[in-house]
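**Student:** Take a look at protein-v7.txt, compact mmCIF, C-alpha atoms:
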```
# COMPACT_ATOMS: atom_id res chain seq x y z
CA MET A 1 -0.44 -63.26 -0.10
CA GLN A 2 -3.41 -62.61 -2.38
CA LYS A 3 -5.28 -60.70 0.36
CA ARG A 4 -2.14 -58.67 1.09
CA GLY A 5 -1.79 -57.80 -2.60
CA GLN A 6 -5.42 -56.70 -2.80
CA MET A 7 -4.98 -54.55 0.30
CA THR A 8 -1.95 -52.88 -1.27
CA ILE A 9 -3.93 -52.07 -4.40
CA PHE A 10 -6.75 -50.57 -2.31
CA VAL A 11 -4.24 -48.45 -0.39
CA ILE A 12 -2.68 -47.17 -3.62
CA ILE A 13 -6.11 -46.34 -5.07
CA ALA A 14 -7.11 -44.52 -1.86
CA ILE A 15 -3.89 -42.48 -1.95
CA LEU A 16 -4.50 -41.54 -5.58
CA VAL A 17 -8.11 -40.51 -4.88
CA ILE A 18 -7.17 -38.45 -1.82
CA GLY A 19 -4.29 -36.87 -3.73
CA SER A 20 -6.57 -35.94 -6.63
CA VAL A 21 -9.10 -34.38 -4.25
CA LEU A 22 -6.39 -32.37 -2.47
CA ILE A 23 -4.96 -31.11 -5.76
CA TYR A 24 -8.44 -30.13 -6.96
CA PHE A 25 -9.16 -28.09 -3.85
CA ALA A 26 -5.68 -26.57 -3.97
CA PHE A 27 -6.39 -25.27 -7.47
CA GLN A 28 -9.81 -24.02 -6.36
CA GLN A 29 -8.32 -22.11 -3.42
CA GLY A 30 -5.44 -20.72 -5.47
CA LEU A 31 -2.80 -22.63 -3.48
CA ILE A 32 -1.47 -24.06 -6.73
CA GLN A 33 -1.31 -21.74 -9.70
CA GLN A 34 -1.91 -23.11 -13.16
CA PRO A 35 0.84 -22.02 -15.54
CA LEU A 36 -0.21 -19.21 -17.84
CA ASN A 37 0.39 -19.34 -21.56
CA PRO A 38 3.09 -16.89 -22.77
CA ASP A 39 0.65 -14.26 -24.04
CA VAL A 40 -1.34 -14.19 -20.80
CA GLN A 41 1.86 -14.21 -18.77
CA GLU A 42 3.06 -11.17 -20.71
CA VAL A 43 -0.13 -9.27 -19.85
CA TYR A 44 0.06 -10.39 -16.22
CA ASN A 45 3.68 -9.25 -15.90
CA PHE A 46 2.86 -5.94 -17.56
CA VAL A 47 0.02 -5.21 -15.12
CA GLN A 48 1.99 -6.45 -12.11
CA THR A 49 4.81 -4.05 -12.99
CA CYS A 50 2.29 -1.20 -13.10
CA VAL A 51 0.90 -2.25 -9.72
CA GLU A 52 4.35 -2.26 -8.13
CA GLU A 53 5.63 0.97 -9.67
CA GLU A 54 2.45 3.00 -9.13
CA SER A 55 2.00 1.69 -5.60
CA ILE A 56 5.42 2.95 -4.58
CA LYS A 57 4.93 6.33 -6.27
CA THR A 58 1.50 6.79 -4.70
CA ILE A 59 2.63 5.89 -1.18
CA TYR A 60 5.70 8.14 -1.33
CA GLN A 61 3.64 11.06 -2.61
CA ILE A 62 1.02 10.55 0.08
CA GLY A 63 3.76 10.52 2.71
CA GLU A 64 5.20 13.83 1.49
CA SER A 65 1.75 15.45 1.79
CA GLY A 66 0.81 14.05 5.18
CA GLY A 67 -1.55 11.28 4.14
CA TYR A 68 -3.24 12.81 1.10
CA TYR A 69 -2.61 12.44 -2.62
CA PHE A 70 -4.17 15.83 -3.31
CA PRO A 71 -3.84 18.48 -0.59
CA PRO A 72 -6.86 18.79 1.74
CA ASN A 73 -8.67 22.08 2.21
CA LEU A 74 -6.55 22.90 5.23
CA SER A 75 -2.99 22.71 3.95
CA LEU A 76 0.04 24.85 3.19
CA ASP A 77 0.70 26.38 -0.21
CA SER A 78 3.26 23.60 -0.71
CA GLY A 79 0.50 21.00 -0.35
CA VAL A 80 1.47 19.72 3.11
CA ALA A 81 -1.54 18.91 5.29
CA ILE A 82 -2.08 20.85 8.51
CA TYR A 83 -2.69 18.50 11.44
CA TYR A 84 -3.18 21.01 14.24
CA GLU A 85 -4.98 24.32 14.32
CA SER A 86 -6.98 26.14 17.02
CA GLY A 87 -6.54 23.25 19.43
CA ARG A 88 -7.97 20.70 16.95
CA ASN A 89 -6.26 17.45 15.96
CA LEU A 90 -6.90 17.10 12.21
CA MET A 91 -4.64 14.15 11.51
CA PRO A 92 -6.17 11.56 9.10
CA THR A 93 -6.94 8.13 10.49
CA LYS A 94 -5.24 4.99 9.27
CA GLU A 95 -8.49 4.01 7.54
CA GLN A 96 -8.60 7.33 5.68
CA ILE A 97 -5.02 6.82 4.50
CA GLN A 98 -5.82 3.31 3.31
CA ASP A 99 -8.77 4.68 1.33
CA GLU A 100 -6.56 7.41 -0.14
CA ILE A 101 -3.98 4.88 -1.32
CA SER A 102 -6.65 2.58 -2.75
CA PHE A 103 -8.53 5.30 -4.62
CA PHE A 104 -5.56 6.90 -6.31
CA LEU A 105 -3.88 3.61 -7.15
CA ASN A 106 -7.04 2.67 -9.03
CA GLU A 107 -6.79 5.88 -11.04
CA LYS A 108 -3.08 5.55 -11.73
CA LEU A 109 -3.26 1.92 -12.80
CA PHE A 110 -5.77 2.74 -15.51
CA PHE A 111 -3.38 5.31 -17.00
CA CYS A 112 -0.35 3.09 -16.52
CA THR A 113 -1.79 0.25 -18.61
CA ARG A 114 -2.90 2.77 -21.29
CA ASN A 115 -5.68 0.50 -22.49
CA PHE A 116 -2.97 -2.02 -23.42
CA ILE A 117 -1.97 -0.21 -26.59
CA ASP A 118 1.53 -1.65 -26.15
CA LEU A 119 0.12 -5.15 -26.77
CA PRO A 120 -1.69 -4.72 -30.12
CA GLU A 121 -1.39 -8.39 -31.06
CA LEU A 122 -3.87 -9.33 -28.30
CA GLU A 123 -7.54 -8.54 -27.88
CA ILE A 124 -7.82 -7.29 -24.31
CA SER A 125 -10.85 -6.05 -22.41
CA GLN A 126 -10.81 -4.71 -18.87
CA SER A 127 -13.30 -4.01 -16.09
CA GLU A 128 -13.33 -1.67 -13.13
CA ILE A 129 -10.27 -1.71 -10.87
CA SER A 130 -10.76 -2.17 -7.13
CA THR A 131 -7.82 -1.88 -4.74
CA ASN A 132 -7.77 -2.75 -1.05
CA ALA A 133 -4.80 -1.23 0.79
CA ILE A 134 -4.01 -2.51 4.28
CA VAL A 135 -1.53 -0.56 6.43
CA GLU A 136 0.39 -2.80 8.81
CA ASP A 137 3.21 -1.86 11.16
CA GLU A 138 6.08 -2.74 8.83
CA LYS A 139 4.45 -3.04 5.41
CA ILE A 140 1.52 -2.05 3.25
CA LEU A 141 -0.46 -4.85 1.64
CA LEU A 142 -2.10 -4.12 -1.70
CA ASN A 143 -4.75 -6.44 -3.08
CA VAL A 144 -5.81 -5.33 -6.53
CA ASN A 145 -8.83 -6.77 -8.31
CA TYR A 146 -8.37 -5.87 -11.97
CA PRO A 147 -10.46 -8.14 -14.24
CA ILE A 148 -8.73 -8.48 -17.59
CA THR A 149 -9.84 -10.79 -20.40
CA ILE A 150 -7.23 -11.79 -23.00
CA ILE A 151 -8.34 -13.25 -26.32
CA LYS A 152 -6.06 -14.65 -28.98
CA ASP A 153 -7.35 -16.94 -31.70
CA GLU A 154 -9.60 -19.44 -29.91
CA ASP A 155 -8.11 -18.92 -26.48
CA LYS A 156 -9.87 -16.74 -23.91
CA THR A 157 -8.38 -16.19 -20.44
CA LEU A 158 -9.42 -14.09 -17.43
CA ILE A 159 -6.89 -12.76 -14.94
CA GLU A 160 -7.92 -10.46 -12.12
CA ASP A 161 -5.95 -10.73 -8.87
CA PHE A 162 -2.70 -8.86 -8.30
CA LYS A 163 -0.88 -8.47 -5.00
CA PHE A 164 2.06 -6.45 -3.77
CA GLU A 165 3.72 -5.73 -0.42
CA VAL A 166 5.41 -2.37 -0.01
CA PRO A 167 8.13 -2.60 2.69
CA ILE A 168 7.31 0.75 4.32
CA ARG A 169 6.74 0.93 8.10
CA LEU A 170 3.69 3.11 7.65
CA GLY A 171 1.80 1.64 10.60
CA ILE A 172 4.66 2.45 12.98
CA ILE A 173 5.07 5.93 11.50
CA HIS A 174 1.35 6.69 11.72
CA ASP A 175 1.14 5.49 15.33
CA SER A 176 4.20 7.58 16.22
CA VAL A 177 2.79 10.74 14.68
CA SER A 178 -0.60 10.06 16.28
CA GLU A 179 1.03 9.72 19.69
CA PHE A 180 2.89 13.00 19.17
CA MET A 181 -0.32 14.72 18.09
CA GLU A 182 -1.97 13.71 21.37
CA THR A 183 0.71 15.70 23.20
CA GLN A 184 -0.22 18.72 21.06
CA THR A 185 -3.81 18.81 22.24
CA GLU A 186 -2.71 18.22 25.83
CA ASN A 187 0.00 20.88 25.93
CA GLY A 188 -1.04 23.30 23.21
CA GLY A 189 2.58 23.49 22.11
CA ILE A 190 5.55 21.43 21.00
CA CYS A 191 6.73 18.92 23.59
CA LEU A 192 10.29 18.28 22.49
CA SER A 193 10.93 15.67 25.17
CA CYS A 194 7.83 13.76 23.99
CA LEU A 195 8.97 14.00 20.38
CA LEU A 196 12.45 12.72 21.26
CA GLU A 197 11.12 9.80 23.29
CA ILE A 198 8.66 8.74 20.58
CA SER A 199 11.22 8.97 17.77
CA GLU A 200 13.91 7.05 19.68
CA ARG A 201 11.51 4.30 20.74
CA ASN A 202 10.40 3.73 17.13
CA ASP A 203 13.80 4.31 15.49
CA LEU A 204 12.70 7.41 13.58
CA PHE A 205 14.30 10.77 12.87
CA VAL A 206 12.35 14.01 13.14
CA ASP A 207 13.22 17.32 11.49
CA MET A 208 11.43 20.57 12.33
CA MET A 209 11.38 23.82 10.41
CA ASP A 210 9.47 27.08 10.70
CA TYR A 211 7.14 27.77 7.79
CA ASP A 212 6.00 31.12 9.12
CA GLU A 213 5.59 32.77 12.52
CA GLN A 214 2.75 30.45 13.51
CA THR A 215 3.42 27.27 11.56
CA THR A 216 5.96 24.49 12.08
CA ILE A 217 6.61 21.71 9.58
CA PHE A 218 7.50 18.26 10.91
CA VAL A 219 9.30 15.63 8.83
CA PHE A 220 9.33 12.08 10.21
CA ARG A 221 12.09 10.15 8.41
CA ASP A 222 12.38 6.38 8.53
CA GLU A 223 15.76 5.06 7.48
CA ASN A 224 14.33 1.54 7.86
CA SER A 225 11.89 2.25 5.02
CA LYS A 226 13.86 2.65 1.82
CA ILE A 227 13.09 1.68 -1.74
CA LYS A 228 15.85 2.17 -4.30
CA ASP A 229 17.81 4.13 -1.65
CA GLU A 230 15.00 6.68 -1.25
CA THR A 231 14.09 7.22 2.39
CA PHE A 232 10.38 7.37 3.17
CA VAL A 233 9.22 10.56 4.87
CA TRP A 234 5.96 11.65 6.45
CA VAL A 235 5.43 15.42 6.37
CA PHE A 236 2.80 17.52 8.11
CA ALA A 237 2.41 20.96 9.66
CA ASN A 238 1.01 22.29 12.92
CA LYS A 239 -0.33 25.81 13.20
CA TYR A 240 -0.17 27.54 16.56
CA GLU A 241 -2.09 30.66 17.47
CA ILE A 242 0.87 32.04 19.38
CA LYS A 243 4.43 30.96 18.79
CA ASN A 244 5.16 28.91 21.90
CA GLU A 245 8.53 28.44 23.42
CA GLU A 246 9.86 24.94 23.07
CA VAL A 247 9.10 22.79 26.11
```
Would you write out, as structure tokens, the structure that this file holds?
**Tutor:**
Amino acid sequence: MQKRGQMTIFVIIAILVIGSVLIYFAFQQGLIQQPLNPDVQEVYNFVQTCVEEESIKTIYQIGESGGYYFPPNLSLDSGVAIYYESGRNLMPTKEQIQDEISFFLNEKLFFCTRNFIDLPELEISQSEISTNAIVEDEKILLNVNYPITIIKDEDKTLIEDFKFEVPIRLGIIHDSVSEFMETQTENGGICLSCLLEISERNDLFVDMMDYDEQTTIFVFRDENSKIKDETFVWVFANKYEIKNEEV
């Protein structure tokens, strides 16, 4: 009985040690989050709200311009990017769009937080913002590194990692437009049957409108990508040397 009791004690101690080690590594890896004090939590929530709101605004604006926050050199007066001209496919890559989202979200976050003038009771310092946007088929992942130090009385806390997922099917939309653009360079004109097949396969709607005698605007609408009842659209223009008949 004595040996059995000693064995039980050893087992309990081993469980406690292993549990302590697991909890330590969980904290180190961020699997368990330490609760923030109310002041720090207020700052965190404030910045997280900026991340979410500005991410959505940036992505919607980029979609309406064809992948750019500011219009590229080759664009319409309305700011819509031209993807096709003189037989050239000028559509931005997915990597370029990710960089565009990341760069302008960095800029907009700085203005959104306004140097934390809305939190005058806290001493807050901030460092450079670095955003990594990842476009997946059905969502956009945003990892924002925004080092912020909060000081109040004797307490000093650093927060820096903010994350947000935007439920926009940008990867599917980009692949669909890219596939359509390949038919442009092959045919030199608008392949309506190709456009219909691509849009139906990916559950998208496509609107076309003439901008001038040589230019057609395409609007890819995704009713599966809505935030606050606003449908996400991807808009671009193709410029043809001669107005081709629809195929």
**Student:** Between A:Ile217, A:Val233, A:Val166, A:Gln126, which one has atoms that come closest to Ser75 in chain A, using only C-alpha atoms?
**Tutor:**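 Going through A:Ile217, A:Val233, A:Val166, A:Gln126 one by one, the smallest distance to Ser75 in chain A is for A:Ile217.
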**Student:** Taking 5 positions as the minimum chain separation for residues in the same chain, which residues sit within 12 Å of range 206-213 of chain A when counting only C-alpha atoms? Answer as a PyMOL selection string.
**Tutor:** chain A and resi 75-78+80+82+173+176-177+180+190+192+194-200+218-223+233-244+246
**Student:** Which polymer residues have any atom within 10 Å of an atom of Ser125 in chain A, counting all atoms listed in the file, with same-chain residues fewer than 2 positions away left out, as a PyMOL selection string?
**Tutor:** chain A and resi 115-116+122-123+127+147-151+158
**Student:** I need the residue nearest Glu52 in chain A from this list: A:Glu100, A:Glu165, A:Glu138, A:Asp118. Use all atoms listed in the file for the distance.
**Tutor:**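 Checking each candidate against Glu52 in chain A, we get A:Glu165 as the closest.
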**Student:** Dump as a PDB file with C-alpha atoms, in the frame of the given file all residues having an atom at most 7 Å from (-1.2, -1.1, -13.3), computed in the file's coordinates with all atoms listed in the file.
**Tutor:**
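New file out_34.pdb:
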```
ATOM      1  CA  VAL A  47       0.020  -5.210 -15.120  1.00  0.00           C
ATOM      2  CA  GLN A  48       1.990  -6.450 -12.110  1.00  0.00           C
ATOM      3  CA  THR A  49       4.810  -4.050 -12.990  1.00  0.00           C
ATOM      4  CA  CYS A  50       2.290  -1.200 -13.100  1.00  0.00           C
ATOM      5  CA  VAL A  51       0.900  -2.250  -9.720  1.00  0.00           C
ATOM      6  CA  GLU A  54       2.450   3.000  -9.130  1.00  0.00           C
ATOM      7  CA  LEU A 109      -3.260   1.920 -12.800  1.00  0.00           C
ATOM      8  CA  PHE A 110      -5.770   2.740 -15.510  1.00  0.00           C
ATOM      9  CA  CYS A 112      -0.350   3.090 -16.520  1.00  0.00           C
ATOM     10  CA  THR A 113      -1.790   0.250 -18.610  1.00  0.00           C
TER      11      THR A 113
END
```
**Student:** List the neighbours of Val135 in chain A out to 12 Å using only C-alpha atoms; skip same-chain residues closer than 6 positions along the sequence, and give me the result as a list in words.
**Tutor:**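 Here the answer would be Ile59, Thr93, Lys94, Glu95, Gln96, Ile97, Gln98, Asp99, Glu100, Ile101, Ser102, Leu141, Leu142, Asn143, Glu165, Val166, Pro167, Ile168, Arg169, Leu170, Gly171, Ile172, Ile173, His174 and Asp175 of chain A.
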**Student:** So which one's closest to Pro120 in chain A, A:Val144, A:Val43, A:Ile227, A:Met91? Using all atoms listed in the file, please.
**Tutor:**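 Among A:Val144, A:Val43, A:Ile227, A:Met91, it is A:Val43 that comes nearest to Pro120 in chain A.
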**Student:** Record the distance separating CA of Ser178 in chain A and CA of Arg88 in chain A, expressed in Å with one decimal.
**Tutor:**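 Separating CA of Ser178 in chain A from CA of Arg88 in chain A is a distance of 13.0 Å.
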**Student:** What are the centre and the three edge lengths of an axis-aligned box that wraps all atoms of range 166-170 of chain A in the file, given that 8 Å is added to every side, written as lines of an AutoDock Vina configuration file and rounded to one decimal in Å?
**Tutor:**
```
center_x = 5.9
center_y = 0.3
center_z = 4.0
size_x = 20.4
size_y = 21.7
size_z = 24.1
```
**Student:** How far is it from CA of Gly63 in chain A to CA of Tyr146 in chain A, in Å with one decimal?
**Tutor:**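 Between CA of Gly63 in chain A and CA of Tyr146 in chain A the gap is 25.1 Å.
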**Student:** So what do you get for CA of Val40 in chain A versus CA of Ile117 in chain A, distance-wise?
**Tutor:**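 Pair CA of Val40 in chain A / CA of Ile117 in chain A returns 15.1 Å.
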